[in-house]
>>> print(open('work.pdb').read())   # PDB, C-alpha atoms
ATOM      1  CA  MET N 180      31.355 -11.934  26.749  1.00  0.00           C
ATOM      2  CA  SER N 181      35.061 -12.211  26.050  1.00  0.00           C
ATOM      3  CA  SER N 182      37.676  -9.939  27.579  1.00  0.00           C
ATOM      4  CA  THR N 183      37.273  -7.634  24.570  1.00  0.00           C
ATOM      5  CA  GLY N 184      33.553  -7.149  25.245  1.00  0.00           C
ATOM      6  CA  LYS N 185      32.532  -9.380  22.384  1.00  0.00           C
ATOM      7  CA  PHE N 186      30.261 -12.381  22.564  1.00  0.00           C
ATOM      8  CA  GLU N 187      32.208 -15.624  22.216  1.00  0.00           C
ATOM      9  CA  ALA N 188      31.837 -17.287  18.839  1.00  0.00           C
ATOM     10  CA  GLU N 189      30.764 -20.593  20.409  1.00  0.00           C
ATOM     11  CA  ILE N 190      28.153 -19.031  22.679  1.00  0.00           C
ATOM     12  CA  ALA N 191      26.531 -16.533  20.278  1.00  0.00           C
ATOM     13  CA  PRO N 192      24.593 -19.163  18.283  1.00  0.00           C
ATOM     14  CA  LEU N 193      23.011 -20.340  21.527  1.00  0.00           C
ATOM     15  CA  LEU N 194      21.964 -16.817  22.539  1.00  0.00           C
ATOM     16  CA  LEU N 195      20.203 -15.866  19.336  1.00  0.00           C
ATOM     17  CA  ASN N 196      16.482 -16.216  18.783  1.00  0.00           C
ATOM     18  CA  PHE N 197      16.277 -18.487  15.785  1.00  0.00           C
ATOM     19  CA  ASN N 198      12.738 -18.797  14.447  1.00  0.00           C
ATOM     20  CA  ASN N 199      10.917 -21.493  16.423  1.00  0.00           C
ATOM     21  CA  GLU N 200       9.604 -23.235  13.337  1.00  0.00           C
ATOM     22  CA  THR N 201      12.218 -22.666  10.652  1.00  0.00           C
ATOM     23  CA  GLU N 202      15.231 -22.365  13.003  1.00  0.00           C
ATOM     24  CA  ILE N 203      16.767 -19.672  10.815  1.00  0.00           C
ATOM     25  CA  ILE N 204      17.384 -15.919  11.057  1.00  0.00           C
ATOM     26  CA  PRO N 205      18.067 -13.294   8.384  1.00  0.00           C
ATOM     27  CA  ALA N 206      21.702 -12.314   7.796  1.00  0.00           C
ATOM     28  CA  ILE N 207      22.692  -9.066   6.054  1.00  0.00           C
ATOM     29  CA  ALA N 208      26.024  -8.893   4.219  1.00  0.00           C
ATOM     30  CA  GLN N 209      27.465  -5.389   3.930  1.00  0.00           C
ATOM     31  CA  ASP N 210      30.662  -4.376   2.121  1.00  0.00           C
ATOM     32  CA  PHE N 211      33.253  -3.514   4.771  1.00  0.00           C
ATOM     33  CA  VAL N 212      34.830  -0.779   2.637  1.00  0.00           C
ATOM     34  CA  SER N 213      32.046   0.843   0.587  1.00  0.00           C
ATOM     35  CA  LYS N 214      29.316   0.064   3.170  1.00  0.00           C
ATOM     36  CA  GLU N 215      27.036  -1.043   0.322  1.00  0.00           C
ATOM     37  CA  VAL N 216      24.441  -3.605   1.410  1.00  0.00           C
ATOM     38  CA  LEU N 217      25.255  -6.610  -0.774  1.00  0.00           C
ATOM     39  CA  MET N 218      22.620  -9.235  -0.018  1.00  0.00           C
ATOM     40  CA  LEU N 219      20.263 -10.757   2.487  1.00  0.00           C
ATOM     41  CA  ALA N 220      20.585 -14.465   3.206  1.00  0.00           C
ATOM     42  CA  TRP N 221      19.659 -16.817   6.067  1.00  0.00           C
ATOM     43  CA  MET N 222      21.541 -18.653   8.786  1.00  0.00           C
ATOM     44  CA  ASN N 223      20.778 -21.546  11.071  1.00  0.00           C
ATOM     45  CA  ARG N 224      22.884 -22.185  14.190  1.00  0.00           C
ATOM     46  CA  GLU N 225      25.384 -24.302  12.267  1.00  0.00           C
ATOM     47  CA  ALA N 226      25.874 -21.620   9.599  1.00  0.00           C
ATOM     48  CA  LEU N 227      26.499 -18.982  12.266  1.00  0.00           C
ATOM     49  CA  LYS N 228      28.946 -21.244  14.095  1.00  0.00           C
ATOM     50  CA  LEU N 229      30.822 -21.969  10.873  1.00  0.00           C
ATOM     51  CA  THR N 230      30.894 -18.282   9.904  1.00  0.00           C
ATOM     52  CA  ALA N 231      32.373 -17.297  13.264  1.00  0.00           C
ATOM     53  CA  ALA N 232      34.811 -20.206  13.269  1.00  0.00           C
ATOM     54  CA  THR N 233      36.102 -19.918   9.711  1.00  0.00           C
ATOM     55  CA  GLY N 234      35.741 -16.192   8.974  1.00  0.00           C
ATOM     56  CA  THR N 235      34.098 -17.099   5.662  1.00  0.00           C
ATOM     57  CA  ALA N 236      30.410 -16.194   5.256  1.00  0.00           C
ATOM     58  CA  THR N 237      28.363 -19.376   5.468  1.00  0.00           C
ATOM     59  CA  TYR N 238      24.586 -19.378   5.105  1.00  0.00           C
ATOM     60  CA  TRP N 239      21.635 -21.759   5.081  1.00  0.00           C
ATOM     61  CA  SER N 240      20.190 -22.251   1.620  1.00  0.00           C
ATOM     62  CA  ARG N 241      16.402 -22.421   1.932  1.00  0.00           C
ATOM     63  CA  SER N 242      16.018 -23.671  -1.647  1.00  0.00           C
ATOM     64  CA  ARG N 243      18.580 -26.450  -1.284  1.00  0.00           C
ATOM     65  CA  ASN N 244      18.002 -27.109   2.419  1.00  0.00           C
ATOM     66  CA  ALA N 245      21.726 -27.194   2.999  1.00  0.00           C
ATOM     67  CA  ILE N 246      24.671 -25.309   4.425  1.00  0.00           C
ATOM     68  CA  TRP N 247      25.987 -22.944   1.767  1.00  0.00           C
ATOM     69  CA  VAL N 248      29.508 -21.545   1.853  1.00  0.00           C
ATOM     70  CA  LYS N 249      28.985 -18.397  -0.201  1.00  0.00           C
ATOM     71  CA  GLY N 250      31.270 -18.535  -3.245  1.00  0.00           C
ATOM     72  CA  ALA N 251      32.162 -22.210  -2.857  1.00  0.00           C
ATOM     73  CA  THR N 252      31.248 -22.732  -6.520  1.00  0.00           C
ATOM     74  CA  SER N 253      31.671 -19.253  -8.023  1.00  0.00           C
ATOM     75  CA  GLY N 254      34.769 -18.231  -6.081  1.00  0.00           C
ATOM     76  CA  HIS N 255      32.911 -15.098  -4.953  1.00  0.00           C
ATOM     77  CA  THR N 256      33.520 -15.633  -1.266  1.00  0.00           C
ATOM     78  CA  GLN N 257      32.967 -13.168   1.569  1.00  0.00           C
ATOM     79  CA  GLU N 258      35.728 -12.723   4.153  1.00  0.00           C
ATOM     80  CA  VAL N 259      34.028 -11.635   7.354  1.00  0.00           C
ATOM     81  CA  GLN N 260      35.625  -8.612   9.035  1.00  0.00           C
ATOM     82  CA  GLU N 261      32.934  -7.993  11.656  1.00  0.00           C
ATOM     83  CA  LEU N 262      29.936  -9.981  12.842  1.00  0.00           C
ATOM     84  CA  LYS N 263      27.109  -8.480  14.929  1.00  0.00           C
ATOM     85  CA  PHE N 264      23.616  -9.290  16.071  1.00  0.00           C
ATOM     86  CA  ASP N 265      20.749  -6.924  16.784  1.00  0.00           C
ATOM     87  CA  CYS N 266      18.874  -5.810  19.892  1.00  0.00           C
ATOM     88  CA  ASP N 267      16.220  -8.521  19.545  1.00  0.00           C
ATOM     89  CA  ALA N 268      18.908 -11.141  18.817  1.00  0.00           C
ATOM     90  CA  ASP N 269      17.020 -12.284  15.751  1.00  0.00           C
ATOM     91  CA  ALA N 270      19.085 -10.862  12.896  1.00  0.00           C
ATOM     92  CA  VAL N 271      22.781 -10.844  12.033  1.00  0.00           C
ATOM     93  CA  LEU N 272      24.968  -8.294  10.225  1.00  0.00           C
ATOM     94  CA  LEU N 273      28.201  -9.306   8.498  1.00  0.00           C
ATOM     95  CA  LEU N 274      30.734  -6.724   7.376  1.00  0.00           C
ATOM     96  CA  VAL N 275      32.614  -8.495   4.606  1.00  0.00           C
ATOM     97  CA  LYS N 276      35.417  -8.200   2.125  1.00  0.00           C
ATOM     98  CA  GLN N 277      33.555  -9.300  -1.008  1.00  0.00           C
ATOM     99  CA  ILE N 278      35.651 -11.243  -3.498  1.00  0.00           C
ATOM    100  CA  GLY N 279      34.163 -10.649  -6.970  1.00  0.00           C
ATOM    101  CA  VAL N 280      30.473  -9.812  -6.791  1.00  0.00           C
ATOM    102  CA  ALA N 281      27.726 -10.757  -4.356  1.00  0.00           C
ATOM    103  CA  CYS N 282      24.895 -11.318  -6.834  1.00  0.00           C
ATOM    104  CA  HIS N 283      24.538 -14.315  -9.114  1.00  0.00           C
ATOM    105  CA  SER N 284      23.279 -11.867 -11.783  1.00  0.00           C
ATOM    106  CA  GLY N 285      26.755 -10.345 -11.977  1.00  0.00           C
ATOM    107  CA  GLU N 286      25.795  -7.132 -10.187  1.00  0.00           C
ATOM    108  CA  ARG N 287      27.894  -6.204  -7.176  1.00  0.00           C
ATOM    109  CA  SER N 288      24.835  -5.976  -4.900  1.00  0.00           C
ATOM    110  CA  CYS N 289      21.655  -8.039  -5.042  1.00  0.00           C
ATOM    111  CA  PHE N 290      19.671  -4.867  -4.295  1.00  0.00           C
ATOM    112  CA  HIS N 291      19.647  -3.376  -7.785  1.00  0.00           C
ATOM    113  CA  ASN N 292      15.910  -2.911  -8.436  1.00  0.00           C
ATOM    114  CA  PRO N 293      14.713   0.580  -7.459  1.00  0.00           C
ATOM    115  CA  ILE N 294      11.071   1.207  -6.564  1.00  0.00           C
ATOM    116  CA  ASP N 295       9.605   4.563  -7.424  1.00  0.00           C
ATOM    117  CA  LEU N 296       8.657   6.726  -4.451  1.00  0.00           C
ATOM    118  CA  LYS N 297       5.510   8.653  -5.225  1.00  0.00           C
ATOM    119  CA  GLU N 298       6.574  11.692  -3.210  1.00  0.00           C
ATOM    120  CA  LYS N 299       9.982  11.910  -4.877  1.00  0.00           C
ATOM    121  CA  SER N 300       8.957  11.408  -8.512  1.00  0.00           C
TER
ATOM    122  CA  MET P 151       8.818   0.070 -15.057  1.00  0.00           C
ATOM    123  CA  SER P 152       8.315   3.825 -15.083  1.00  0.00           C
ATOM    124  CA  SER P 153       9.974   6.158 -17.574  1.00  0.00           C
ATOM    125  CA  THR P 154      12.856   6.582 -15.118  1.00  0.00           C
ATOM    126  CA  GLY P 155      13.570   2.830 -15.086  1.00  0.00           C
ATOM    127  CA  LYS P 156      12.080   2.374 -11.647  1.00  0.00           C
ATOM    128  CA  PHE P 157       9.349  -0.042 -10.680  1.00  0.00           C
ATOM    129  CA  GLU P 158       6.077   1.778 -10.045  1.00  0.00           C
ATOM    130  CA  ALA P 159       5.189   2.111  -6.382  1.00  0.00           C
ATOM    131  CA  GLU P 160       1.758   0.547  -6.931  1.00  0.00           C
ATOM    132  CA  ILE P 161       3.068  -2.423  -8.887  1.00  0.00           C
ATOM    133  CA  ALA P 162       6.136  -3.343  -6.819  1.00  0.00           C
ATOM    134  CA  PRO P 163       4.183  -4.906  -3.929  1.00  0.00           C
ATOM    135  CA  LEU P 164       2.514  -7.231  -6.441  1.00  0.00           C
ATOM    136  CA  LEU P 165       5.835  -8.316  -7.971  1.00  0.00           C
ATOM    137  CA  LEU P 166       7.581  -9.263  -4.759  1.00  0.00           C
ATOM    138  CA  ASN P 167       7.709 -12.780  -3.374  1.00  0.00           C
ATOM    139  CA  PHE P 168       6.133 -12.411   0.025  1.00  0.00           C
ATOM    140  CA  ASN P 169       6.443 -15.577   2.104  1.00  0.00           C
ATOM    141  CA  ASN P 170       3.580 -17.926   1.196  1.00  0.00           C
ATOM    142  CA  GLU P 171       2.648 -18.589   4.796  1.00  0.00           C
ATOM    143  CA  THR P 172       3.514 -15.424   6.696  1.00  0.00           C
ATOM    144  CA  GLU P 173       3.020 -12.993   3.759  1.00  0.00           C
ATOM    145  CA  ILE P 174       5.960 -10.882   4.924  1.00  0.00           C
ATOM    146  CA  ILE P 175       9.500 -10.151   3.735  1.00  0.00           C
ATOM    147  CA  PRO P 176      12.551  -8.767   5.555  1.00  0.00           C
ATOM    148  CA  ALA P 177      13.274  -5.047   5.136  1.00  0.00           C
ATOM    149  CA  ILE P 178      16.685  -3.533   5.863  1.00  0.00           C
ATOM    150  CA  ALA P 179      16.923   0.122   6.881  1.00  0.00           C
ATOM    151  CA  GLN P 180      20.253   1.760   6.080  1.00  0.00           C
ATOM    152  CA  ASP P 181      21.303   5.321   6.914  1.00  0.00           C
ATOM    153  CA  PHE P 182      21.345   7.304   3.662  1.00  0.00           C
ATOM    154  CA  VAL P 183      24.298   9.439   4.748  1.00  0.00           C
ATOM    155  CA  SER P 184      26.566   7.263   6.927  1.00  0.00           C
ATOM    156  CA  LYS P 185      25.535   3.996   5.194  1.00  0.00           C
ATOM    157  CA  GLU P 186      25.264   2.360   8.628  1.00  0.00           C
ATOM    158  CA  VAL P 187      22.795  -0.535   8.701  1.00  0.00           C
ATOM    159  CA  LEU P 188      20.250   0.608  11.277  1.00  0.00           C
ATOM    160  CA  MET P 189      17.777  -2.258  11.688  1.00  0.00           C
ATOM    161  CA  LEU P 190      16.016  -5.189  10.139  1.00  0.00           C
ATOM    162  CA  ALA P 191      12.235  -5.215  10.218  1.00  0.00           C
ATOM    163  CA  TRP P 192       9.429  -6.868   8.217  1.00  0.00           C
ATOM    164  CA  MET P 193       6.908  -5.740   5.644  1.00  0.00           C
ATOM    165  CA  ASN P 194       3.694  -7.127   4.261  1.00  0.00           C
ATOM    166  CA  ARG P 195       2.219  -5.804   0.989  1.00  0.00           C
ATOM    167  CA  GLU P 196       0.319  -3.062   2.791  1.00  0.00           C
ATOM    168  CA  ALA P 197       3.437  -1.852   4.637  1.00  0.00           C
ATOM    169  CA  LEU P 198       5.391  -1.705   1.379  1.00  0.00           C
ATOM    170  CA  LYS P 199       2.572   0.161  -0.380  1.00  0.00           C
ATOM    171  CA  LEU P 200       2.364   2.675   2.474  1.00  0.00           C
ATOM    172  CA  THR P 201       6.141   3.138   2.565  1.00  0.00           C
ATOM    173  CA  ALA P 202       6.260   3.869  -1.168  1.00  0.00           C
ATOM    174  CA  ALA P 203       3.193   6.109  -1.046  1.00  0.00           C
ATOM    175  CA  THR P 204       4.088   8.175   2.022  1.00  0.00           C
ATOM    176  CA  GLY P 205       7.906   8.152   1.969  1.00  0.00           C
ATOM    177  CA  THR P 206       7.861   7.254   5.676  1.00  0.00           C
ATOM    178  CA  ALA P 207       9.185   3.808   6.619  1.00  0.00           C
ATOM    179  CA  THR P 208       6.243   1.623   7.551  1.00  0.00           C
ATOM    180  CA  TYR P 209       6.664  -1.983   8.675  1.00  0.00           C
ATOM    181  CA  TRP P 210       4.639  -4.965   9.842  1.00  0.00           C
ATOM    182  CA  SER P 211       5.025  -5.634  13.539  1.00  0.00           C
ATOM    183  CA  ARG P 212       5.167  -9.407  14.065  1.00  0.00           C
ATOM    184  CA  SER P 213       4.726  -9.040  17.831  1.00  0.00           C
ATOM    185  CA  ARG P 214       1.694  -6.755  17.581  1.00  0.00           C
ATOM    186  CA  ASN P 215       0.342  -8.188  14.316  1.00  0.00           C
ATOM    187  CA  ALA P 216      -0.223  -4.687  13.023  1.00  0.00           C
ATOM    188  CA  ILE P 217       1.032  -2.034  10.637  1.00  0.00           C
ATOM    189  CA  TRP P 218       3.759  -0.054  12.358  1.00  0.00           C
ATOM    190  CA  VAL P 219       4.766   3.421  11.241  1.00  0.00           C
ATOM    191  CA  LYS P 220       8.308   3.529  12.596  1.00  0.00           C
ATOM    192  CA  GLY P 221       8.587   6.417  15.057  1.00  0.00           C
ATOM    193  CA  ALA P 222       4.835   7.026  15.325  1.00  0.00           C
ATOM    194  CA  THR P 223       5.190   6.898  19.117  1.00  0.00           C
ATOM    195  CA  SER P 224       8.844   7.839  19.687  1.00  0.00           C
ATOM    196  CA  GLY P 225       9.134  10.473  16.980  1.00  0.00           C
ATOM    197  CA  HIS P 226      12.121   8.568  15.581  1.00  0.00           C
ATOM    198  CA  THR P 227      10.774   8.321  12.055  1.00  0.00           C
ATOM    199  CA  GLN P 228      12.643   7.271   8.932  1.00  0.00           C
ATOM    200  CA  GLU P 229      12.264   9.395   5.796  1.00  0.00           C
ATOM    201  CA  VAL P 230      12.844   7.075   2.842  1.00  0.00           C
ATOM    202  CA  GLN P 231      15.272   8.416   0.247  1.00  0.00           C
ATOM    203  CA  GLU P 232      15.596   5.241  -1.840  1.00  0.00           C
ATOM    204  CA  LEU P 233      13.706   1.956  -1.900  1.00  0.00           C
ATOM    205  CA  LYS P 234      15.006  -1.183  -3.636  1.00  0.00           C
ATOM    206  CA  PHE P 235      14.330  -4.889  -3.827  1.00  0.00           C
ATOM    207  CA  ASP P 236      16.750  -7.719  -4.431  1.00  0.00           C
ATOM    208  CA  CYS P 237      17.373 -10.184  -7.262  1.00  0.00           C
ATOM    209  CA  ASP P 238      15.059 -12.827  -5.762  1.00  0.00           C
ATOM    210  CA  ALA P 239      12.408 -10.176  -5.045  1.00  0.00           C
ATOM    211  CA  ASP P 240      12.105 -11.379  -1.475  1.00  0.00           C
ATOM    212  CA  ALA P 241      13.889  -8.659   0.502  1.00  0.00           C
ATOM    213  CA  VAL P 242      13.717  -4.857   0.546  1.00  0.00           C
ATOM    214  CA  LEU P 243      16.358  -2.205   1.251  1.00  0.00           C
ATOM    215  CA  LEU P 244      15.418   1.278   2.453  1.00  0.00           C
ATOM    216  CA  LEU P 245      17.919   4.112   2.413  1.00  0.00           C
ATOM    217  CA  VAL P 246      16.588   6.469   5.058  1.00  0.00           C
ATOM    218  CA  LYS P 247      17.116   9.761   6.773  1.00  0.00           C
ATOM    219  CA  GLN P 248      16.878   8.598  10.390  1.00  0.00           C
ATOM    220  CA  ILE P 249      15.312  11.103  12.772  1.00  0.00           C
ATOM    221  CA  GLY P 250      16.744  10.458  16.244  1.00  0.00           C
ATOM    222  CA  VAL P 251      17.875   6.857  16.653  1.00  0.00           C
ATOM    223  CA  ALA P 252      16.715   3.594  15.112  1.00  0.00           C
ATOM    224  CA  CYS P 253      16.961   1.369  18.193  1.00  0.00           C
ATOM    225  CA  HIS P 254      14.548   1.377  21.113  1.00  0.00           C
ATOM    226  CA  SER P 255      17.610   0.868  23.368  1.00  0.00           C
ATOM    227  CA  GLY P 256      18.784   4.376  22.496  1.00  0.00           C
ATOM    228  CA  GLU P 257      21.639   3.185  20.268  1.00  0.00           C
ATOM    229  CA  ARG P 258      21.717   4.623  16.759  1.00  0.00           C
ATOM    230  CA  SER P 259      21.761   1.140  15.168  1.00  0.00           C
ATOM    231  CA  CYS P 260      20.084  -2.032  16.417  1.00  0.00           C
ATOM    232  CA  PHE P 261      23.213  -3.978  15.410  1.00  0.00           C
ATOM    233  CA  HIS P 262      25.390  -3.143  18.410  1.00  0.00           C
ATOM    234  CA  ASN P 263      26.339  -6.606  19.706  1.00  0.00           C
ATOM    235  CA  PRO P 264      29.649  -7.835  18.245  1.00  0.00           C
ATOM    236  CA  ILE P 265      30.418 -11.545  18.013  1.00  0.00           C
ATOM    237  CA  ASP P 266      34.024 -12.611  18.378  1.00  0.00           C
ATOM    238  CA  LEU P 267      35.597 -14.087  15.259  1.00  0.00           C
ATOM    239  CA  LYS P 268      37.950 -16.892  16.213  1.00  0.00           C
ATOM    240  CA  GLU P 269      40.356 -16.154  13.376  1.00  0.00           C
ATOM    241  CA  LYS P 270      40.573 -12.450  14.218  1.00  0.00           C
ATOM    242  CA  SER P 271      40.998 -12.687  17.981  1.00  0.00           C
TER
END
>>> encode(input="work.pdb", output="structure tokens")
Amino acid sequence: MSSTGKFEAEIAPLLLNFNNETEIIPAIAQDFVSKEVLMLAWMNREALKLTAATGTATYWSRSRNAIWVKGATSGHTQEVQELKFDCDADAVLLLVKQIGVACHSGERSCFHNPIDLKEKS
Amino acid sequence: MSSTGKFEAEIAPLLLNFNNETEIIPAIAQDFVSKEVLMLAWMNREALKLTAATGTATYWSRSRNAIWVKGATSGHTQEVQELKFDCDADAVLLLVKQIGVACHSGERSCFHNPIDLKEKS
């Protein structure tokens, strides 16, 4: 812990419980202002280190098997305002300033498909 | 799609891309009122079906290898107000009315461990 009660950026990746086989954990990006949940992506230790070090959301692309600086191609980067991990140390939450939109479909959030709830319909 | 433009509760579990090996997907629970991200858990098809059918957040416990009605023991249930899936159909977002607290530690949210950001410190 640092003097501000936060986990040091260099140490946090070592503390987290990355999946034994895949060596990744889920990472939730949430809009810092509107609080909208924008997307769920994945991080390995390197992605988490880079995110903490640069302040720019950096994930692990499972499809490309590579480090992925969100927005590197599209310009739709995420400036990280807060970074947290959960009680089981196996998931990460990023509060971000989203430049442009989070979803490659053009929607602001990737979560734009509602499922009907039987009890509410 | 139903007449309200929502995916039918019965059909949605069949449309989603559950992991080929583990047959689960990550599920984010967010407070419907405060918009705070409360926790990340996991769902298999059965958990998603039950969540949509009952309106009570129901997950798959990876540690117990069993269906887990959140709050069944503690009373800290989550009443689902909205249920969505993402553009890749491999993650779910639940907007919930949280009874009590989400975290077994007693904190309202499981994401209560901040990581220092080098650029911000």
>>> residues_around(input="work.pdb", residues="P:Pro163", least_positions_apart="2", cutoff="9 Å", atoms="all atoms listed in the file", output="list in words")
Ala159, Glu160, Ile161, Leu165, Leu166, Asn167, Phe168, Asn194, Arg195, Glu196, Leu198 and Lys199 of chain P
>>> closest_residue(input="work.pdb", among="P:Gly225, P:Pro264, P:Gly155, P:Pro176", to="N:Leu272", atoms="only C-alpha atoms")
P:Pro264
>>> resolve_selection(input="work.pdb", expression="the PyMOL selection byres ((chain P) within 9 of (chain N))", output="ChimeraX atom specification")
/P:151-152,154-160,162,176,178,180,184-187,189-190,201-205,230-239,241-243,253-255,259-270
>>> closest_residue(input="work.pdb", among="N:Leu193, N:Glu200, N:Leu274, N:Val280", to="N:His255", atoms="only C-alpha atoms")
N:Val280
>>> resolve_selection(input="work.pdb", expression="the PyMOL selection byres ((chain N and resi 250) around 12)", output="PyMOL selection string")
chain N and resi 235-238+247-249+251-258+277-283
>>> atom_distance(input="work.pdb", atom1="atom CA of P:Arg212", atom2="atom CA of N:Met222")
19.5 Å
>>> atom_distance(input="work.pdb", atom1="atom CA of P:Trp192", atom2="atom CA of P:Ser211")
7.0 Å
>>> atom_distance(input="work.pdb", atom1="atom CA of N:Asn244", atom2="atom CA of P:Asn169")
16.3 Å
